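Asks: Encoded as structure tokens, here's the structure I'll be asking about.
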Amino acid sequence: MSDAPPRIESERLVLRMPTLADADGVAEQLTDPEVMRWIGGGRTLTREEAPAAVQGWLDRWAANGFGHFAVERKEDGRFLGRVGLIVWDTRDWRHVTLAEAGVHAQIELGWAFAREHWGRGYATEAALAARDWARRECGVGRLISLIHEDNVRSQAVARRLGARPVGTVTILGSVPVVVWEHPS
């Protein structure tokens, strides 16, 4: 992998390393109960917590060599959301680093966008680009997405990506999710 920060371009989007300057855009997601209903166990965060969330993404990049990309629209540079990879420890389904999980590591492809950008195909376009990058640049084999059983929008994205449901697990101590496995 190159030492330069990864940057991926698709037809309408740019996927790039996040920066702390993205905190305002990230806050649009984190403070919205409807967005957070599907991620993070449903707990909304405050605007003041957004920089720490972005720093967490950067810390994952440093630890694993991959993480969440900031997604922006090419035509105007608008921050739309995030897409990327996170490591789960399958022993207790919590976020960890590759080193911490060892042989119990499972990489997830996830996406989240501010509600105003839903329904425009951005999640599918960004997730496909990130998945292709993960396979090509990081050598990721088995790749899953963990999707709340009632999140029909993300289930539709997973289907468009060719993923299929293969089971259910409980994450974050109490949140049941469906495991969607992506094709190799």
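Going by the structure tokens order, chains are called A, B, ..., each with residues numbered from 1, while ligands are numbered from 1 in the order shown.
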Got a sec: who's within 9 Å of A:Ser10, counting only C-alpha atoms, leaving out chain neighbours fewer than 6 positions off, as a VMD selection string?

Replies: chain A and resid 74 125 to 126 129

Asks: Write out as number ranges by chain all residues of chain A that backbone DSSP assigns to helix (DSSP H, G or I).

Replies: A: 20-30, 33-36, 40-42, 47-64, 98-104, 115-117, 122-138, 152-160

Asks: Mind checking which residues fall within 12 Å of A:Asp76, counting only C-alpha atoms, ignoring those fewer than 6 positions away in the same chain, and posting them as a list in words?

Replies: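 Listed by chain and then number, they are Arg12, Leu13 and Val14 of chain A.
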
Asks: From the DSSP assignment of the backbone, select every residue of stretch 79-131 of chain A that is strand (DSSP E), and format the answer as a PDB file with N, CA and C atoms, in the first residue's frame.

Replies:
ATOM      1  N   PHE A  79     -19.748  17.456   2.277  1.00  0.00           N
ATOM      2  CA  PHE A  79     -19.603  16.256   3.093  1.00  0.00           C
ATOM      3  C   PHE A  79     -20.955  15.568   3.175  1.00  0.00           C
ATOM      4  N   LEU A  80     -21.011  14.289   2.790  1.00  0.00           N
ATOM      5  CA  LEU A  80     -22.276  13.557   2.765  1.00  0.00           C
ATOM      6  C   LEU A  80     -22.390  12.538   3.886  1.00  0.00           C
ATOM      7  N   GLY A  81     -21.257  11.934   4.261  1.00  0.00           N
ATOM      8  CA  GLY A  81     -21.295  10.879   5.260  1.00  0.00           C
ATOM      9  C   GLY A  81     -19.971  10.154   5.316  1.00  0.00           C
ATOM     10  N   ARG A  82     -20.043   8.904   5.754  1.00  0.00           N
ATOM     11  CA  ARG A  82     -18.832   8.103   5.859  1.00  0.00           C
ATOM     12  C   ARG A  82     -19.106   6.691   5.365  1.00  0.00           C
ATOM     13  N   VAL A  83     -18.022   6.062   4.899  1.00  0.00           N
ATOM     14  CA  VAL A  83     -18.065   4.668   4.469  1.00  0.00           C
ATOM     15  C   VAL A  83     -16.692   4.095   4.758  1.00  0.00           C
ATOM     16  N   GLY A  84     -16.634   2.834   5.085  1.00  0.00           N
ATOM     17  CA  GLY A  84     -15.317   2.251   5.285  1.00  0.00           C
ATOM     18  C   GLY A  84     -15.335   0.997   6.115  1.00  0.00           C
ATOM     19  N   LEU A  85     -14.169   0.701   6.682  1.00  0.00           N
ATOM     20  CA  LEU A  85     -13.930  -0.574   7.342  1.00  0.00           C
ATOM     21  C   LEU A  85     -13.703  -0.392   8.832  1.00  0.00           C
ATOM     22  N   ILE A  86     -14.234  -1.341   9.579  1.00  0.00           N
ATOM     23  CA  ILE A  86     -14.035  -1.363  11.026  1.00  0.00           C
ATOM     24  C   ILE A  86     -13.800  -2.816  11.428  1.00  0.00           C
ATOM     25  N   VAL A  87     -13.019  -3.009  12.479  1.00  0.00           N
ATOM     26  CA  VAL A  87     -12.700  -4.351  12.957  1.00  0.00           C
ATOM     27  C   VAL A  87     -13.560  -4.674  14.177  1.00  0.00           C
ATOM     28  N   TRP A  88     -14.149  -5.854  14.146  1.00  0.00           N
ATOM     29  CA  TRP A  88     -14.918  -6.386  15.276  1.00  0.00           C
ATOM     30  C   TRP A  88     -14.180  -7.594  15.836  1.00  0.00           C
ATOM     31  N   ASP A  89     -14.252  -7.775  17.143  1.00  0.00           N
ATOM     32  CA  ASP A  89     -13.773  -8.989  17.792  1.00  0.00           C
ATOM     33  C   ASP A  89     -14.983  -9.899  17.910  1.00  0.00           C
ATOM     34  N   ARG A  94     -17.293  -6.394  19.702  1.00  0.00           N
ATOM     35  CA  ARG A  94     -16.985  -5.002  20.035  1.00  0.00           C
ATOM     36  C   ARG A  94     -15.915  -4.514  19.075  1.00  0.00           C
ATOM     37  N   HIS A  95     -15.839  -3.181  18.888  1.00  0.00           N
ATOM     38  CA  HIS A  95     -14.828  -2.567  18.022  1.00  0.00           C
ATOM     39  C   HIS A  95     -13.458  -2.694  18.670  1.00  0.00           C
ATOM     40  N   ALA A 105     -10.612 -11.461  14.568  1.00  0.00           N
ATOM     41  CA  ALA A 105     -10.955 -10.223  13.867  1.00  0.00           C
ATOM     42  C   ALA A 105     -11.902 -10.504  12.710  1.00  0.00           C
ATOM     43  N   GLN A 106     -12.902  -9.658  12.588  1.00  0.00           N
ATOM     44  CA  GLN A 106     -13.805  -9.694  11.439  1.00  0.00           C
ATOM     45  C   GLN A 106     -13.958  -8.265  10.950  1.00  0.00           C
ATOM     46  N   ILE A 107     -13.693  -8.044   9.665  1.00  0.00           N
ATOM     47  CA  ILE A 107     -13.764  -6.702   9.107  1.00  0.00           C
ATOM     48  C   ILE A 107     -15.153  -6.457   8.541  1.00  0.00           C
ATOM     49  N   GLU A 108     -15.698  -5.307   8.915  1.00  0.00           N
ATOM     50  CA  GLU A 108     -17.017  -4.895   8.438  1.00  0.00           C
ATOM     51  C   GLU A 108     -16.891  -3.707   7.500  1.00  0.00           C
ATOM     52  N   LEU A 109     -17.676  -3.750   6.438  1.00  0.00           N
ATOM     53  CA  LEU A 109     -17.872  -2.593   5.557  1.00  0.00           C
ATOM     54  C   LEU A 109     -19.153  -1.917   6.019  1.00  0.00           C
ATOM     55  N   GLY A 110     -19.028  -0.656   6.434  1.00  0.00           N
ATOM     56  CA  GLY A 110     -20.196   0.071   6.919  1.00  0.00           C
ATOM     57  C   GLY A 110     -20.337   1.417   6.246  1.00  0.00           C
ATOM     58  N   TRP A 111     -21.529   1.978   6.335  1.00  0.00           N
ATOM     59  CA  TRP A 111     -21.806   3.279   5.728  1.00  0.00           C
ATOM     60  C   TRP A 111     -22.843   4.009   6.555  1.00  0.00           C
ATOM     61  N   ALA A 112     -22.759   5.319   6.551  1.00  0.00           N
ATOM     62  CA  ALA A 112     -23.751   6.169   7.217  1.00  0.00           C
ATOM     63  C   ALA A 112     -23.703   7.535   6.546  1.00  0.00           C
ATOM     64  N   PHE A 113     -24.866   8.046   6.229  1.00  0.00           N
ATOM     65  CA  PHE A 113     -24.978   9.335   5.548  1.00  0.00           C
ATOM     66  C   PHE A 113     -26.001  10.194   6.265  1.00  0.00           C
TER      67      PHE A 113
END

Asks: Taking only C-alpha atoms into account, which of A:Ser154, A:Thr170, A:Thr97, A:Thr46 comes nearest A:Trp61?

Replies: A:Thr97

Asks: Restricting the calculation to only C-alpha atoms, which member of A:Ala127, A:Leu45, A:Met17, A:Val177 is positioned closest to A:Trp57?

Replies: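 When distances to A:Trp57 are compared using only C-alpha atoms, the smallest one comes from A:Met17.
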
Asks: Kindly indicate which residue among A:His148, A:His182, A:Arg37, A:Arg16 lies nearest to A:Thr168, using only C-alpha atoms for the distances.

Replies: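 For A:Thr168, the nearest of the candidates is A:His148.
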